[in-house]
Structures are given as C-alpha cells and as structure tokens.
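Inspection log for the structure reproduced underneath, given as structure tokens.
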Amino acid sequence: MDTLVLNAWYQPIDRVSWQDAFRLIFTGRAEVVENYGDRTVRSARQAFAVPSIVRFVRKVKAAVSFRRKVPFNRRNVYLRDRGRCQYCGTKVPSNEFDFEHVIPRAQGGRTSWENIVVACIPCNQHKGNRTPQQARMRLLTKPTRPKSLPGNGCGGLVWQEGMPQSWKDYLRSVRYWHETLES
Ligand SMILES: [Zn+2]
C-alpha cells in the first residue's frame with residue numbers, strides 16, 4: 001500500500017510506502033491531502049487513517065531533496081533512450097522493443113542500466129550474441145544510469161490501472177504520456 005507524494009505545489013514527485021508517508025507526516029514535513037477511506041492502521045492506543053496522498057508543507061525544492069534513484073525497468077530504459085534504437089536511431093514503438101544487452105549475457109554482460117539499451121528488432125537480430133565490436137555496430141550513446149528521465153517532470157509517475165483512483169487527479173495517464181512522447 002503506497003502513498004503518493006506531492007510537492008507544495010501539488011505536483012507529484014514520488015510514491016512511498018505508507019510507513020514512510022506516516023514518517024513524513026509525524027515529522028511535520030508533509031500533510032495529508034487524502035486518506036484511503038477504508039484503510040486504517042492501529043497503534044496501541046489509536047487508529048490512523050492511511051494516507052493515499054500527502055503533500056510537502058514547505059515550499060522547498062522537495063523534488064530534489066527527496067528524489068530516489070530512477071528505478072531500473074523496461075519503461076524507464078525506453079524513456080532514457082527516448083524510444084530510439086541505440087544502434088540505428090530508428091524510433092521503436094514502446095511495446096515492440098527488445099531489451100538489448102550490449103555485452104551479451106553469454107559473454108558475462110549484466111542486466112543493468114550500463115548494459116541495457118533499446119534496440120529495434122532488426123538490429124537486435126543482426127547483433128545476436130556478439131558485442132558491438134564483434135558485430136561492427138556502434139552505440140549512439142553510452143548507456144548510464146539516468147539521474148532523471150526526459151519528458152516527465154513527475155518522477156516517472158503515470159497513472160495506471162491498479163493505482164488508487166484518488167491519484168488520478170494528480171498523475172498523467174499512460175495515454176497522455178505516450179502522446180507527449182510522440183510529439
Ligand atoms: Zn536499429
């Protein structure tokens with residue numbers, strides 16, 4: 001059960017566990033915007049409604065002080081590489097790209113920010129189980145762990161099926177995200 005965290009201007013910056021959300025509230029850093037109506041946790045003496053959304057109270061650059069590492073996942077790799085094959089530069093649809101190991105796993109390559117790029121299917125197949133040098137292919141950019149992601153100022157959060165409805169008012173939808181990416 002997670003809590004959406006907004007900055008003082010009601011912009012989404014993170015999602016945290018409800019325990020972390022309570023910590024932010026009890027230390028006075030954040031206030032509750034909305035509770036999960038049906039969920040409470042109990043201490044010895046009291047029951048507390050679990051917040052679904054909290055907001056930083058002070059107008060500090062909370063997004064900076066509070067930013068976590070960008071999670072390593074398929075979608076964020078796609079965002080980092082701006083949806084382009086890192087060998088030929090072709091725009092690849094987000095549901096059609098291959099998770100390409102630069103150094104192939106067969107040669108000890110890891111599944112990490114530094115070794116995974118977006119590749120189109122033809123490039124991926126042409127490269128096969130070879131390193132870029134072996135395949136005489138050049139990467140357009142050296143893959144690294146991004147500090148932030150292009151095209152979304154909200155910590156990579158988009159509203160998706162399964163997230164609390166209350167978050168919808170604050171998060172862009174997946175559809176919106178794809179539309180902005182195409183433009
Ligand atoms: Zn390609």
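By order of appearance in the structure tokens: chains A, B, ..., then residues from 1 within every chain, and ligands from 1 in the order shown.
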Which residues form the shell of 7 Å around ligand 1 when you count only C-alpha atoms and all ligand atoms, given as a PDB file with N, CA and C atoms, in the first residue's frame?
```pdb
ATOM      1  N   CYS A  85      16.178   3.164 -31.181  1.00  0.00           N
ATOM      2  CA  CYS A  85      17.161   2.094 -31.257  1.00  0.00           C
ATOM      3  C   CYS A  85      18.539   2.735 -31.097  1.00  0.00           C
ATOM      4  N   GLN A  86      19.323   2.216 -30.191  1.00  0.00           N
ATOM      5  CA  GLN A  86      20.608   2.830 -29.895  1.00  0.00           C
ATOM      6  C   GLN A  86      21.708   2.440 -30.878  1.00  0.00           C
ATOM      7  N   TYR A  87      21.325   1.680 -31.901  1.00  0.00           N
ATOM      8  CA  TYR A  87      22.296   1.374 -32.955  1.00  0.00           C
ATOM      9  C   TYR A  87      21.999   2.145 -34.235  1.00  0.00           C
ATOM     10  N   CYS A  88      20.719   2.174 -34.626  1.00  0.00           N
ATOM     11  CA  CYS A  88      20.407   2.830 -35.905  1.00  0.00           C
ATOM     12  C   CYS A  88      19.583   4.098 -35.724  1.00  0.00           C
ATOM     13  N   GLY A  89      19.098   4.361 -34.524  1.00  0.00           N
ATOM     14  CA  GLY A  89      18.370   5.602 -34.278  1.00  0.00           C
ATOM     15  C   GLY A  89      16.900   5.565 -34.651  1.00  0.00           C
ATOM     16  N   THR A  90      16.439   4.417 -35.146  1.00  0.00           N
ATOM     17  CA  THR A  90      15.026   4.298 -35.513  1.00  0.00           C
ATOM     18  C   THR A  90      14.145   4.402 -34.286  1.00  0.00           C
ATOM     19  N   ALA A 119      16.741  -1.431 -28.582  1.00  0.00           N
ATOM     20  CA  ALA A 119      17.180  -1.777 -29.933  1.00  0.00           C
ATOM     21  C   ALA A 119      15.973  -2.214 -30.745  1.00  0.00           C
ATOM     22  N   CYS A 120      16.002  -1.892 -32.027  1.00  0.00           N
ATOM     23  CA  CYS A 120      14.927  -2.379 -32.887  1.00  0.00           C
ATOM     24  C   CYS A 120      15.192  -3.868 -33.152  1.00  0.00           C
ATOM     25  N   ILE A 121      14.173  -4.540 -33.614  1.00  0.00           N
ATOM     26  CA  ILE A 121      14.304  -5.982 -33.791  1.00  0.00           C
ATOM     27  C   ILE A 121      15.369  -6.329 -34.844  1.00  0.00           C
ATOM     28  N   PRO A 122      15.407  -5.647 -36.001  1.00  0.00           N
ATOM     29  CA  PRO A 122      16.469  -5.990 -36.972  1.00  0.00           C
ATOM     30  C   PRO A 122      17.877  -5.821 -36.396  1.00  0.00           C
ATOM     31  N   CYS A 123      18.141  -4.714 -35.695  1.00  0.00           N
ATOM     32  CA  CYS A 123      19.478  -4.521 -35.120  1.00  0.00           C
ATOM     33  C   CYS A 123      19.780  -5.595 -34.083  1.00  0.00           C
TER      34      CYS A 123
END
```
Checklist entry - Near Phe99 (chain A), counting only C-alpha atoms, which residues have an atom at most 9 Å away, once you skip same-chain residues fewer than 4 positions from it, shown as a VMD selection string? => result chain A and resid 74 77 116 to 119 124
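The residue that comes closest to Ser17 (chain A), out of A:Pro132, A:Val32, A:Ala44, A:Pro51 and on the basis of only C-alpha atoms, is A:Pro51.
CA of Pro143 (chain A) sits 27.1 Å away from CA of Arg172 (chain A).
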Item to check | Nearest to His101 (chain A), chosen from A:Asn76, A:Thr144, A:Gln125, A:Thr131, with only C-alpha atoms counted in the distances | outcome: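 Between A:Asn76, A:Thr144, A:Gln125, A:Thr131, the residue approaching His101 (chain A) most closely is A:Thr131.
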If you run DSSP on the backbone here, which positions in region 46-134 of chain A get alpha helix (DSSP H)? Please write them as a PDB file with N, CA, C and O atoms, in the first residue's frame.
```pdb
ATOM      1  N   ALA A  62      11.557  20.173  -2.817  1.00  0.00           N
ATOM      2  CA  ALA A  62      11.396  18.838  -2.254  1.00  0.00           C
ATOM      3  C   ALA A  62      11.760  17.760  -3.261  1.00  0.00           C
ATOM      4  O   ALA A  62      12.317  16.731  -2.909  1.00  0.00           O
ATOM      5  N   ALA A  63      11.453  18.031  -4.509  1.00  0.00           N
ATOM      6  CA  ALA A  63      11.712  17.010  -5.525  1.00  0.00           C
ATOM      7  C   ALA A  63      13.197  16.667  -5.570  1.00  0.00           C
ATOM      8  O   ALA A  63      13.577  15.540  -5.813  1.00  0.00           O
ATOM      9  N   VAL A  64      14.019  17.636  -5.309  1.00  0.00           N
ATOM     10  CA  VAL A  64      15.456  17.406  -5.357  1.00  0.00           C
ATOM     11  C   VAL A  64      15.913  16.655  -4.115  1.00  0.00           C
ATOM     12  O   VAL A  64      16.598  15.654  -4.192  1.00  0.00           O
ATOM     13  N   SER A  65      15.468  17.123  -2.958  1.00  0.00           N
ATOM     14  CA  SER A  65      15.940  16.503  -1.724  1.00  0.00           C
ATOM     15  C   SER A  65      15.338  15.116  -1.529  1.00  0.00           C
ATOM     16  O   SER A  65      15.846  14.318  -0.776  1.00  0.00           O
ATOM     17  N   PHE A  66      14.265  14.853  -2.206  1.00  0.00           N
ATOM     18  CA  PHE A  66      13.536  13.620  -1.936  1.00  0.00           C
ATOM     19  C   PHE A  66      13.640  12.614  -3.063  1.00  0.00           C
ATOM     20  O   PHE A  66      13.085  11.542  -2.990  1.00  0.00           O
ATOM     21  N   ARG A  74      11.856  -1.629 -17.711  1.00  0.00           N
ATOM     22  CA  ARG A  74      11.698  -1.556 -19.158  1.00  0.00           C
ATOM     23  C   ARG A  74      11.258  -0.166 -19.610  1.00  0.00           C
ATOM     24  O   ARG A  74      11.821   0.415 -20.533  1.00  0.00           O
ATOM     25  N   ARG A  75      10.265   0.336 -18.949  1.00  0.00           N
ATOM     26  CA  ARG A  75       9.697   1.611 -19.359  1.00  0.00           C
ATOM     27  C   ARG A  75      10.720   2.740 -19.214  1.00  0.00           C
ATOM     28  O   ARG A  75      10.811   3.632 -20.054  1.00  0.00           O
ATOM     29  N   ASN A  76      11.505   2.694 -18.128  1.00  0.00           N
ATOM     30  CA  ASN A  76      12.454   3.775 -17.900  1.00  0.00           C
ATOM     31  C   ASN A  76      13.656   3.692 -18.833  1.00  0.00           C
ATOM     32  O   ASN A  76      14.227   4.718 -19.201  1.00  0.00           O
ATOM     33  N   VAL A  77      14.014   2.475 -19.205  1.00  0.00           N
ATOM     34  CA  VAL A  77      15.061   2.338 -20.227  1.00  0.00           C
ATOM     35  C   VAL A  77      14.567   2.964 -21.529  1.00  0.00           C
ATOM     36  O   VAL A  77      15.287   3.706 -22.196  1.00  0.00           O
ATOM     37  N   TYR A  78      13.313   2.697 -21.829  1.00  0.00           N
ATOM     38  CA  TYR A  78      12.711   3.257 -23.043  1.00  0.00           C
ATOM     39  C   TYR A  78      12.719   4.788 -22.997  1.00  0.00           C
ATOM     40  O   TYR A  78      13.041   5.453 -23.977  1.00  0.00           O
ATOM     41  N   LEU A  79      12.378   5.323 -21.834  1.00  0.00           N
ATOM     42  CA  LEU A  79      12.374   6.779 -21.670  1.00  0.00           C
ATOM     43  C   LEU A  79      13.780   7.349 -21.803  1.00  0.00           C
ATOM     44  O   LEU A  79      13.996   8.362 -22.463  1.00  0.00           O
ATOM     45  N   ARG A  80      14.709   6.713 -21.135  1.00  0.00           N
ATOM     46  CA  ARG A  80      16.078   7.217 -21.185  1.00  0.00           C
ATOM     47  C   ARG A  80      16.573   7.293 -22.620  1.00  0.00           C
ATOM     48  O   ARG A  80      17.201   8.275 -23.024  1.00  0.00           O
ATOM     49  N   ILE A 121      14.173  -4.540 -33.614  1.00  0.00           N
ATOM     50  CA  ILE A 121      14.304  -5.982 -33.791  1.00  0.00           C
ATOM     51  C   ILE A 121      15.369  -6.329 -34.844  1.00  0.00           C
ATOM     52  O   ILE A 121      16.204  -7.204 -34.605  1.00  0.00           O
ATOM     53  N   PRO A 122      15.407  -5.647 -36.001  1.00  0.00           N
ATOM     54  CA  PRO A 122      16.469  -5.990 -36.972  1.00  0.00           C
ATOM     55  C   PRO A 122      17.877  -5.821 -36.396  1.00  0.00           C
ATOM     56  O   PRO A 122      18.738  -6.693 -36.591  1.00  0.00           O
ATOM     57  N   CYS A 123      18.141  -4.714 -35.695  1.00  0.00           N
ATOM     58  CA  CYS A 123      19.478  -4.521 -35.120  1.00  0.00           C
ATOM     59  C   CYS A 123      19.780  -5.595 -34.083  1.00  0.00           C
ATOM     60  O   CYS A 123      20.883  -6.136 -34.026  1.00  0.00           O
ATOM     61  N   ASN A 124      18.774  -5.871 -33.269  1.00  0.00           N
ATOM     62  CA  ASN A 124      18.957  -6.873 -32.224  1.00  0.00           C
ATOM     63  C   ASN A 124      19.291  -8.232 -32.828  1.00  0.00           C
ATOM     64  O   ASN A 124      20.185  -8.938 -32.356  1.00  0.00           O
ATOM     65  N   GLN A 125      18.586  -8.562 -33.912  1.00  0.00           N
ATOM     66  CA  GLN A 125      18.822  -9.874 -34.520  1.00  0.00           C
ATOM     67  C   GLN A 125      20.159  -9.909 -35.243  1.00  0.00           C
ATOM     68  O   GLN A 125      20.865 -10.909 -35.219  1.00  0.00           O
ATOM     69  N   HIS A 126      20.496  -8.802 -35.877  1.00  0.00           N
ATOM     70  CA  HIS A 126      21.769  -8.749 -36.586  1.00  0.00           C
ATOM     71  C   HIS A 126      22.938  -8.897 -35.602  1.00  0.00           C
ATOM     72  O   HIS A 126      23.920  -9.582 -35.873  1.00  0.00           O
ATOM     73  N   LYS A 127      22.797  -8.260 -34.467  1.00  0.00           N
ATOM     74  CA  LYS A 127      23.893  -8.276 -33.489  1.00  0.00           C
ATOM     75  C   LYS A 127      24.048  -9.647 -32.848  1.00  0.00           C
ATOM     76  O   LYS A 127      25.159 -10.145 -32.661  1.00  0.00           O
ATOM     77  N   PRO A 132      29.168  -5.201 -29.490  1.00  0.00           N
ATOM     78  CA  PRO A 132      29.105  -4.247 -30.603  1.00  0.00           C
ATOM     79  C   PRO A 132      30.356  -4.314 -31.482  1.00  0.00           C
ATOM     80  O   PRO A 132      30.262  -4.267 -32.714  1.00  0.00           O
ATOM     81  N   GLN A 133      31.521  -4.447 -30.863  1.00  0.00           N
ATOM     82  CA  GLN A 133      32.750  -4.532 -31.661  1.00  0.00           C
ATOM     83  C   GLN A 133      32.739  -5.752 -32.567  1.00  0.00           C
ATOM     84  O   GLN A 133      33.045  -5.655 -33.759  1.00  0.00           O
ATOM     85  N   GLN A 134      32.377  -6.868 -31.977  1.00  0.00           N
ATOM     86  CA  GLN A 134      32.354  -8.101 -32.764  1.00  0.00           C
ATOM     87  C   GLN A 134      31.380  -7.999 -33.929  1.00  0.00           C
ATOM     88  O   GLN A 134      31.631  -8.540 -35.008  1.00  0.00           O
TER      89      GLN A 134
END
```
Item to check | Residue among A:Val50, A:Val70, A:Leu171, A:Val158 lying closest to Asn35 (chain A), counting only C-alpha atoms | outcome: A:Val50
Item to check | Which of chain A DSSP labels strand (DSSP E), written as a ChimeraX atom specification | outcome: /A:2-6,12-17,30-42,47-56,98-101,116-119
